[in-house]
Every structure is written in C-alpha cells, then in structure tokens.
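Here is the structure we will look at, set down as structure tokens.
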Amino acid sequence: MKISWGIIVMLGFSLFAAGIIAMVSVSMTKNIDLVSDNYYEKGIKYQDQIDMNKNSAEFSDKIKTELKDSGLLIEYSGDLLKGNFSGEIKFYRSSDAKKDFKVNIETGDKGIQHIPVMNLEKGLWKVQFSFKKDNKNYFLEKSIFIN
C-alpha cells in the first residue's frame, strides 16, 4: 500500500494542531498568581519600598526568627522595644497567594512572639515584617523553610 506525500503532510499538520490545542487547554486550567493583587500600584510606589528597606538595615539583627517544633519563635530586641513599635507580619507563599496570611506584631513583656506554623504547607515561606517605629515605616523580610 502506497501513501502519498499529501496525506503525510496533512497528518503532520493535524497532529501539530492537536498538540497546540492540547497545550492551550492545559495551560488555561493552571492557576497563575501574580506577586500581589495590586501589582501595578505597588510598582509605582516602589521608591517608598526602597526607602523602607534602607531604613530597616539597622533593625535586621534586632528581629530574630527561629523555627521550632511548636512554631515560629520571633525575638525582638534592642531599640525596637523602646518607644512606639507596631506593625504586622505577613506570611507569603509565592506558589499560592491563597495561603498568604497576616498576624499583628505582639512583642509581649520579653519581646518574644510565638506563631504556630504546624498547619502550614511544607516548603519555602517568606516572613515579611512591616512595622512603624517612632512614626517611620520599616520593612524586613526573612525566609523560613517548613519541613
């Protein structure tokens, strides 16, 4: 049985088209999260973020995080505990924005905060500290890996 080149070319084009259609349909079912919901607004205000990061350099060693079996232990020390100090901690999961959550900073008497993380999905999390001290904004980011 002899097959003509025309049939082979048509079969090739048909397989290629079917592959493209399959690739498009699979890619449309995937959830792709932007870094944040208001990504473009944050981009415009990025200079403010740069300034907060520069301000925060002095406090990078004043916030210590330690992952324990009971949860995340955060120790605030030094100048942070003097004067007005308030803010929030955001747990950021880059692979799934639905798992992000926020917690208020609570220093307590000894400057220690405990946050349970046993129920969090395993993997890399970014812990972002946004705080205000003496009417100045600061931002620190630390990474934790949950096994």
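Residue names in the structure tokens use chain letters A, B, ... in the order shown, residue numbers from 1 in each chain, and ligand numbers from 1 in the order shown.
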Using only C-alpha atoms, which residues sit within 9 Å of Trp125 in chain A once same-chain residues fewer than 6 positions away are excluded, as a ChimeraX atom specification? /A:91-94,142-146
Would you mind exporting C-alpha atoms of the selected residues as a PDB file, in the first residue's frame?
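Contents of the output file result.pdb:
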```pdb
ATOM      1  CA  PHE A  91       3.445  35.019  55.719  1.00  0.00           C
ATOM      2  CA  TYR A  92       3.911  34.982  51.966  1.00  0.00           C
ATOM      3  CA  ARG A  93       3.738  31.815  49.872  1.00  0.00           C
ATOM      4  CA  SER A  94       4.947  32.616  46.362  1.00  0.00           C
ATOM      5  CA  LYS A 142      13.161  36.710  56.261  1.00  0.00           C
ATOM      6  CA  SER A 143      12.741  33.238  54.789  1.00  0.00           C
ATOM      7  CA  ILE A 144      11.768  30.050  56.586  1.00  0.00           C
ATOM      8  CA  PHE A 145      11.536  26.520  55.275  1.00  0.00           C
ATOM      9  CA  ILE A 146       8.909  24.253  56.812  1.00  0.00           C
TER      10      ILE A 146
END
```
Using DSSP secondary structure from the backbone, list all strand (DSSP E) positions within range 11-143 of chain A, as a PyMOL selection string. chain A and resi 63-68+71-76+85-92+101-104+112-115+123-133+136-143
Using DSSP secondary structure from the backbone, list all helix (DSSP H, G or I) positions within range 35-66 of chain A, as a PyMOL selection string. chain A and resi 39-44+46-59
Atoms to include: N, CA and C atoms. Write the selected residues as a PDB file, in the first residue's frame.
```pdb
ATOM      1  N   TYR A  39      -0.444  44.673  41.849  1.00  0.00           N
ATOM      2  CA  TYR A  39       0.950  44.635  41.411  1.00  0.00           C
ATOM      3  C   TYR A  39       1.393  45.959  40.791  1.00  0.00           C
ATOM      4  N   TYR A  40       0.587  46.528  39.912  1.00  0.00           N
ATOM      5  CA  TYR A  40       0.978  47.738  39.206  1.00  0.00           C
ATOM      6  C   TYR A  40       1.015  48.952  40.126  1.00  0.00           C
ATOM      7  N   GLU A  41       0.077  49.042  41.048  1.00  0.00           N
ATOM      8  CA  GLU A  41       0.085  50.147  42.013  1.00  0.00           C
ATOM      9  C   GLU A  41       1.336  50.086  42.878  1.00  0.00           C
ATOM     10  N   LYS A  42       1.714  48.886  43.292  1.00  0.00           N
ATOM     11  CA  LYS A  42       2.923  48.733  44.101  1.00  0.00           C
ATOM     12  C   LYS A  42       4.165  49.094  43.295  1.00  0.00           C
ATOM     13  N   GLY A  43       4.153  48.822  42.009  1.00  0.00           N
ATOM     14  CA  GLY A  43       5.283  49.167  41.159  1.00  0.00           C
ATOM     15  C   GLY A  43       5.509  50.664  41.092  1.00  0.00           C
ATOM     16  N   ILE A  44       4.447  51.417  41.060  1.00  0.00           N
ATOM     17  CA  ILE A  44       4.546  52.877  41.013  1.00  0.00           C
ATOM     18  C   ILE A  44       5.105  53.414  42.331  1.00  0.00           C
ATOM     19  N   TYR A  46       7.195  51.923  44.302  1.00  0.00           N
ATOM     20  CA  TYR A  46       8.335  51.096  44.685  1.00  0.00           C
ATOM     21  C   TYR A  46       9.439  51.904  45.364  1.00  0.00           C
ATOM     22  N   GLN A  47       9.580  53.186  45.048  1.00  0.00           N
ATOM     23  CA  GLN A  47      10.607  54.002  45.708  1.00  0.00           C
ATOM     24  C   GLN A  47      10.363  54.058  47.210  1.00  0.00           C
ATOM     25  N   ASP A  48       9.096  54.104  47.618  1.00  0.00           N
ATOM     26  CA  ASP A  48       8.786  54.065  49.056  1.00  0.00           C
ATOM     27  C   ASP A  48       9.298  52.773  49.671  1.00  0.00           C
ATOM     28  N   GLN A  49       9.146  51.654  48.948  1.00  0.00           N
ATOM     29  CA  GLN A  49       9.619  50.360  49.423  1.00  0.00           C
ATOM     30  C   GLN A  49      11.153  50.364  49.551  1.00  0.00           C
ATOM     31  N   ILE A  50      11.831  50.959  48.594  1.00  0.00           N
ATOM     32  CA  ILE A  50      13.299  51.042  48.651  1.00  0.00           C
ATOM     33  C   ILE A  50      13.730  51.844  49.878  1.00  0.00           C
ATOM     34  N   ASP A  51      13.056  52.958  50.124  1.00  0.00           N
ATOM     35  CA  ASP A  51      13.377  53.783  51.295  1.00  0.00           C
ATOM     36  C   ASP A  51      13.145  53.022  52.597  1.00  0.00           C
ATOM     37  N   MET A  52      12.030  52.262  52.660  1.00  0.00           N
ATOM     38  CA  MET A  52      11.755  51.467  53.870  1.00  0.00           C
ATOM     39  C   MET A  52      12.830  50.412  54.069  1.00  0.00           C
ATOM     40  N   ASN A  53      13.291  49.789  52.982  1.00  0.00           N
ATOM     41  CA  ASN A  53      14.350  48.779  53.098  1.00  0.00           C
ATOM     42  C   ASN A  53      15.646  49.393  53.611  1.00  0.00           C
ATOM     43  N   LYS A  54      15.990  50.593  53.145  1.00  0.00           N
ATOM     44  CA  LYS A  54      17.198  51.271  53.624  1.00  0.00           C
ATOM     45  C   LYS A  54      17.069  51.597  55.107  1.00  0.00           C
ATOM     46  N   ASN A  55      15.897  52.086  55.503  1.00  0.00           N
ATOM     47  CA  ASN A  55      15.663  52.404  56.920  1.00  0.00           C
ATOM     48  C   ASN A  55      15.802  51.167  57.795  1.00  0.00           C
ATOM     49  N   SER A  56      15.420  50.025  57.259  1.00  0.00           N
ATOM     50  CA  SER A  56      15.331  48.797  58.043  1.00  0.00           C
ATOM     51  C   SER A  56      16.670  48.124  58.289  1.00  0.00           C
ATOM     52  N   ALA A  57      17.711  48.543  57.599  1.00  0.00           N
ATOM     53  CA  ALA A  57      19.016  47.887  57.740  1.00  0.00           C
ATOM     54  C   ALA A  57      19.485  47.865  59.198  1.00  0.00           C
ATOM     55  N   GLU A  58      19.197  48.926  59.925  1.00  0.00           N
ATOM     56  CA  GLU A  58      19.637  48.992  61.317  1.00  0.00           C
ATOM     57  C   GLU A  58      18.913  47.990  62.223  1.00  0.00           C
ATOM     58  N   PHE A  59      17.751  47.495  61.771  1.00  0.00           N
ATOM     59  CA  PHE A  59      16.969  46.583  62.601  1.00  0.00           C
ATOM     60  C   PHE A  59      17.049  45.123  62.145  1.00  0.00           C
TER      61      PHE A  59
END
```
So what do you get for CA of Ala17 in chain A versus CA of Trp5 in chain A, distance-wise?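 Rounded to one decimal, the two atoms are 18.3 Å apart.
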When you count only C-alpha atoms, which of these residues is closest to Glu141 in chain A: A:Asn31, A:Thr65, A:Ser4, A:Asn84?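 Smallest distance to Glu141 in chain A is found for A:Thr65.
Put simply, CA of Lys133 in chain A is 22.3 Å away from CA of Phe101 in chain A.
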If you count only C-alpha atoms, which residues fall within 7 Å of range 104-119 of chain A, apart from same-chain ones fewer than 2 positions away, as a PyMOL selection string? chain A and resi 70-77+81+86-89+102+121
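Atom to atom, CA of Asp134 in chain A and CA of Ser60 in chain A stand 16.9 Å apart.
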